[in-house]
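Everything below concerns the one structure shown next.
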Amino acid sequence: MATIHIDRLLETVVNQGASDLHLTVGRPPVIRLQGHLRSLETKVLAPEDTVALMKAITPEKNQQELQEEGGTDFGFSFGDAGRFRVAVFMQRSNVTIVLRLIPSKLLSFDEIGLPKICRALCRRPQGIFLVTGPTGSGKTTTLASMIDYINMNLDRHIVTVEDPVEYYHNHKKSIINQRNVGVDVPSFSEALRRVLRQDPDVILVGELRDLETIEAAISAAETGHLVFATLHTTGCQGTINRIIDAFPPNQQEQIRVQLSTNMIATLSQALMPRSPKGMIAAYEFMVVTPAIANLIRENKTFRIDSAIQTGKKYGMQLLDEHLWMLYETGLVGAEYCVDRAREPGPMQDKIDTHRRRLASKDMKVGGDDEPDVLRR
């Protein structure tokens with residue numbers, strides 16, 4: 001009974017194009033559609049329902065971890081539709097499940113709107129490329145697209161370290177081995193300690209969780225490998241500071257030097273609803289030019305934003321600049337722009353000025369109708 005039920009719920013997620021499914025006691029099943037939570041028209045879940053649904057999809061080992069630790073994470077395939085990343089946890093003594101759909105289709109650079117220079121950066125023989133942003137901002141999808149580009153076009157040995165493995169990659173022009181933390185290897189740091197003996201060209205680190213992992217990733221880039229990794233930070237300047245601040249004060253100067261010579265780019269992204277439907281990502285993008293490398297080395301990261309503004313020929317842009325462009329072209333609503341902006345106050349002022357200008361222009365033309373942008 002529960003298996004049929006969970007299958008029907010997962011089919012609903014796939015068919016409606018939802019990103020997540022929430023199963024919690026006291027609410028009907030809830031999906032996240034274009035960033036918003038929507039209850040499904042089914043019964044309110046009781047404690048025994050969430051237990052049955054959990055047992056229908058959770059491996060024995062993870063059920064044991066749930067009992068011992070109060071939570072567990074894993075992934076599973078759902079036919080050709082894609083994979084689900086699952087978090088099961090206890091709350092108020094009840095089982096709660098959150099499932100995220102990882103679509104099976106890998107997107108191209110053009111489809112996700114990545115800066116064109118990313119192709120050239122993926123061909124670099126060594127260095128570290130960071131993709132950052134809050135949870136659910138599409139970091140995994142962006143990295144999967146980059147790995148797929150390398151896999152299709154270059155002969156490389158790619159090793160990924162993920163928790164859990166989300167997008168499955170097949171061998172194409174490259175060889176690709178995907179290590180699942182907790183299944184194939186105990187931890188990120190252990191996987192990175194061993195990876196250098198596996199003759200890799202490209203290493204993907206699912207998340208830079210701790211100091212040991214950050215150190216290992218920088219070291220791998222330094223020893224002649226191309227390293228991709230994610231961090232939960234917003235903005236390129238904030239990302240550099242976050243990495244440096246993870247180290248004790250007596251090591252920070254050395255890390256600045258290592259980052260200035262080994263970091264090749266940082267892509268910070270935010271995901272939001274697109275008009276009229278769908279989702280769209282806004283990017284902040286920084287390529288580490290000699291000028292930016294100097295700022296990192298000399299502890300002048302506060303000047304990185306202005307260096308990004310002058311680096312447009314490399315495809316660099318600030319997040320707020322991209323948000324404004326998406327708003328001006330009608331792709332996203334004003335409220336989402338302000339919500340995601342690094343500087344919400346100036347963004348709101350800019351939008352208000354833009355609306356007043358449109359309104360006065362409309363009045364001069366003699367139109368009675370309120371302009372479209374004012375109704376947003």
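Numbering starts fresh at 1 for the residues of each chain in the structure tokens, the chains themselves are lettered A, B, ... in the order given, and ligands are numbered from 1 as they appear.
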DSSP strand (DSSP E or B) residues within stretch 30-109 of chain A, as an MDAnalysis selection string: chainID A and resid 30:33 36:39 71:78 82:91 94:103
Could you dump the residues just selected with C-alpha atoms as a compact mmCIF listing (two decimals), in the first residue's frame?
```txt
# COMPACT_ATOMS: atom_id res chain seq x y z
CA VAL A 30 3.46 19.15 0.04
CA ILE A 31 5.43 19.86 -3.16
CA ARG A 32 7.70 22.82 -3.91
CA LEU A 33 6.67 24.21 -7.29
CA HIS A 36 6.45 27.91 -3.60
CA LEU A 37 4.99 25.21 -1.33
CA ARG A 38 1.73 23.63 -2.56
CA SER A 39 -0.32 21.04 -0.62
CA GLY A 71 18.37 11.42 10.81
CA THR A 72 19.77 9.93 7.60
CA ASP A 73 20.42 10.93 3.97
CA PHE A 74 20.52 8.82 0.82
CA GLY A 75 19.60 8.84 -2.87
CA PHE A 76 17.71 6.47 -5.16
CA SER A 77 16.75 6.21 -8.82
CA PHE A 78 13.14 6.59 -9.95
CA GLY A 82 15.67 10.92 -12.50
CA ARG A 83 16.95 10.40 -8.98
CA PHE A 84 15.72 11.59 -5.63
CA ARG A 85 17.97 12.87 -2.85
CA VAL A 86 16.27 12.03 0.46
CA ALA A 87 16.59 13.41 3.98
CA VAL A 88 14.70 11.45 6.67
CA PHE A 89 14.67 12.88 10.18
CA MET A 90 12.79 12.76 13.47
CA GLN A 91 10.82 15.73 14.77
CA ASN A 94 7.61 11.56 14.31
CA VAL A 95 9.30 10.58 11.04
CA THR A 96 9.57 13.38 8.45
CA ILE A 97 10.81 12.94 4.87
CA VAL A 98 12.04 15.52 2.36
CA LEU A 99 12.79 14.33 -1.19
CA ARG A 100 14.49 16.46 -3.85
CA LEU A 101 14.18 15.53 -7.53
CA ILE A 102 17.47 15.39 -9.43
CA PRO A 103 16.36 15.26 -13.10
```
Hey, what does DSSP flag as alpha helix (DSSP H) within stretch 207-336 of chain A? Can you give it to me as JSON, numbers by chain? {"A": [211, 212, 213, 214, 215, 216, 217, 218, 219, 220, 221, 222, 236, 237, 238, 239, 240, 241, 242, 243, 244, 245, 249, 250, 251, 252, 253, 254, 255, 256, 257, 258, 259, 260, 261, 262, 290, 291, 292, 293, 294, 295, 296, 297, 304, 305, 306, 307, 308, 309, 319, 320, 321, 322, 323, 324, 325, 326, 327, 328, 334, 335, 336]}
Contacts of A:Ile203 at 8 Å (only C-alpha atoms; same-chain gap of 5+ positions) as number ranges by chain: A: 158-161, 225-228
What separation in Å, quoted to one decimal, exists between atom CA of A:Lys313 and atom CA of A:Thr234?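 So the two atoms, atom CA of A:Lys313 and atom CA of A:Thr234, lie 22.7 Å apart.
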Considering only C-alpha atoms, tabulate each residue of stretch 223-246 of chain A that lies at most 12 Å from stretch 338-361 of chain A along with its nearest interatomic pair and the corresponding distance in Å to one decimal; arrange the rows by chain and ascending residue number and present them as a Markdown table.
```
| residue | atom | partner | partner_atom | distance |
| --- | --- | --- | --- | --- |
| A:Thr233 | CA | A:Arg342 | CA | 11.6 |
| A:Thr234 | CA | A:Arg342 | CA | 8.0 |
| A:Gly235 | CA | A:Arg342 | CA | 7.8 |
| A:Cys236 | CA | A:Arg342 | CA | 11.2 |
| A:Gln237 | CA | A:Arg342 | CA | 11.4 |
| A:Gly238 | CA | A:Arg342 | CA | 10.7 |
```
Can you spit out the residues from that selection as a PDB file, in the first residue's frame, using C-alpha atoms?
```pdb
ATOM      1  CA  THR A 233      28.300  31.366   0.602  1.00  0.00           C
ATOM      2  CA  THR A 234      26.832  34.341  -1.261  1.00  0.00           C
ATOM      3  CA  GLY A 235      29.006  36.496  -3.490  1.00  0.00           C
ATOM      4  CA  CYS A 236      32.572  35.999  -4.727  1.00  0.00           C
ATOM      5  CA  GLN A 237      34.139  38.327  -2.170  1.00  0.00           C
ATOM      6  CA  GLY A 238      32.314  36.528   0.681  1.00  0.00           C
TER       7      GLY A 238
END
```
Just give me the gap between atom CA of A:Pro276 and atom CA of A:Gly79 in Å, one decimal is fine.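 We find that atom CA of A:Pro276 and atom CA of A:Gly79 lie 29.7 Å from each other.
Take the candidates A:Val13, A:Ile117, A:Ala56, A:Ala246 and check each one against A:Met286 using only C-alpha atoms; the shortest distance goes to A:Ile117.
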Excluding A:Pro273 and its own-chain neighbours fewer than 5 positions away, which residues fall within 10 Å of it when counting only C-alpha atoms? Please give them as JSON, numbers by chain. {"A": [33, 34, 35, 36, 278, 279, 280, 281, 331, 332, 333, 336]}
Gap from atom CA of A:Arg119 to atom CA of A:Met146 - Å, one decimal: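 Distance between the two atoms: 8.0 Å.
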Which is closer to A:Lys277 than all the others in A:Gly330, A:Lys105, A:Ala229, A:Met263, using only C-alpha atoms? A:Gly330
Env of A:Asn241: 12 Å cut, atoms = only C-alpha atoms, seq-sep filter 2 positions within chain, self excluded. Answer as a VMD selection string. chain A and resid 231 233 to 239 243 to 247 252 255 to 256 259 295 to 297 299 to 302 304
Generate a file of the selected residues that holds N, CA, C and O atoms, formatted as a short mmCIF file (atom, residue, chain, number, x, y, z; two decimals), in the first residue's frame.
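Result file follows (out39.cif):
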```
data_model
loop_
_atom_site.label_atom_id
_atom_site.label_comp_id
_atom_site.auth_asym_id
_atom_site.auth_seq_id
_atom_site.Cartn_x
_atom_site.Cartn_y
_atom_site.Cartn_z
N LEU A 231 30.38 25.68 -1.98
CA LEU A 231 30.35 26.29 -0.65
C LEU A 231 29.01 26.99 -0.48
O LEU A 231 28.46 27.51 -1.45
N THR A 233 28.04 29.94 0.38
CA THR A 233 28.30 31.37 0.60
C THR A 233 27.62 32.17 -0.49
O THR A 233 27.26 31.63 -1.54
N THR A 234 27.44 33.46 -0.25
CA THR A 234 26.83 34.34 -1.26
C THR A 234 27.87 35.37 -1.68
O THR A 234 28.47 36.03 -0.84
N GLY A 235 28.07 35.49 -2.98
CA GLY A 235 29.01 36.50 -3.49
C GLY A 235 30.43 35.98 -3.53
O GLY A 235 30.84 35.17 -2.70
N CYS A 236 31.19 36.47 -4.52
CA CYS A 236 32.57 36.00 -4.73
C CYS A 236 33.50 36.50 -3.62
O CYS A 236 34.33 35.76 -3.11
N GLN A 237 33.31 37.75 -3.24
CA GLN A 237 34.14 38.33 -2.17
C GLN A 237 33.93 37.56 -0.86
O GLN A 237 34.88 37.20 -0.17
N GLY A 238 32.66 37.28 -0.54
CA GLY A 238 32.31 36.53 0.68
C GLY A 238 32.90 35.12 0.67
O GLY A 238 33.27 34.59 1.72
N THR A 239 32.98 34.52 -0.52
CA THR A 239 33.52 33.16 -0.65
C THR A 239 35.00 33.13 -0.28
O THR A 239 35.45 32.26 0.47
N ILE A 243 36.70 31.14 3.06
CA ILE A 243 37.76 30.13 3.01
C ILE A 243 38.93 30.55 3.90
O ILE A 243 39.44 29.76 4.69
N ILE A 244 39.34 31.80 3.77
CA ILE A 244 40.49 32.29 4.56
C ILE A 244 40.17 32.23 6.05
O ILE A 244 40.99 31.80 6.86
N ASP A 245 38.94 32.63 6.42
CA ASP A 245 38.55 32.66 7.85
C ASP A 245 38.43 31.26 8.46
O ASP A 245 38.41 31.13 9.68
N ALA A 246 38.34 30.22 7.60
CA ALA A 246 38.26 28.85 8.13
C ALA A 246 39.60 28.41 8.73
O ALA A 246 39.64 27.46 9.52
N PHE A 247 40.68 29.10 8.36
CA PHE A 247 42.01 28.72 8.84
C PHE A 247 42.41 29.52 10.08
O PHE A 247 41.96 30.66 10.26
N GLN A 252 46.67 32.08 7.75
CA GLN A 252 45.85 32.81 6.77
C GLN A 252 46.66 33.47 5.65
O GLN A 252 46.22 33.51 4.51
N ILE A 255 47.47 30.83 3.12
CA ILE A 255 46.28 30.44 2.35
C ILE A 255 45.95 31.51 1.30
O ILE A 255 45.57 31.18 0.17
N ARG A 256 46.12 32.78 1.65
CA ARG A 256 45.90 33.85 0.66
C ARG A 256 46.81 33.65 -0.55
O ARG A 256 46.36 33.78 -1.70
N LEU A 259 45.54 30.55 -2.52
CA LEU A 259 44.32 30.85 -3.27
C LEU A 259 44.62 31.74 -4.47
O LEU A 259 44.07 31.54 -5.56
N LEU A 295 44.76 41.22 -5.18
CA LEU A 295 43.84 41.64 -4.10
C LEU A 295 43.71 40.54 -3.05
O LEU A 295 43.67 40.82 -1.85
N ILE A 296 43.64 39.28 -3.50
CA ILE A 296 43.52 38.15 -2.56
C ILE A 296 44.81 38.04 -1.73
O ILE A 296 44.78 37.94 -0.51
N ARG A 297 45.95 38.11 -2.43
CA ARG A 297 47.25 37.95 -1.76
C ARG A 297 47.50 39.07 -0.75
O ARG A 297 48.03 38.85 0.33
N ASN A 299 45.31 40.79 0.92
CA ASN A 299 44.22 40.94 1.88
C ASN A 299 43.38 42.20 1.61
O ASN A 299 43.02 42.94 2.52
N LYS A 300 43.08 42.43 0.32
CA LYS A 300 42.25 43.58 -0.06
C LYS A 300 40.97 43.09 -0.76
O LYS A 300 40.56 43.63 -1.78
N THR A 301 40.37 42.03 -0.17
CA THR A 301 39.19 41.44 -0.81
C THR A 301 38.02 42.43 -0.89
O THR A 301 37.13 42.26 -1.71
N PHE A 302 38.03 43.47 -0.03
CA PHE A 302 36.94 44.47 -0.09
C PHE A 302 36.91 45.20 -1.44
O PHE A 302 35.92 45.83 -1.78
N ILE A 304 37.30 43.55 -4.33
CA ILE A 304 36.98 42.56 -5.37
C ILE A 304 35.75 42.98 -6.19
O ILE A 304 35.73 42.84 -7.41
#
```
Sorted by chain and rising residue number, which residues of stretch 73-165 of chain A lie within 12 Å of stretch 318-328 of chain A, and what are their closest atom pairs and distances in Å to one decimal, counting only C-alpha atoms, as CSV?
```
residue,atom,partner,partner_atom,distance
A:Gly113,CA,A:His322,CA,11.3
A:Leu114,CA,A:His322,CA,12.0
A:Pro115,CA,A:His322,CA,11.5
A:Thr132,CA,A:Leu319,CA,12.0
A:Gly133,CA,A:Leu319,CA,11.0
```
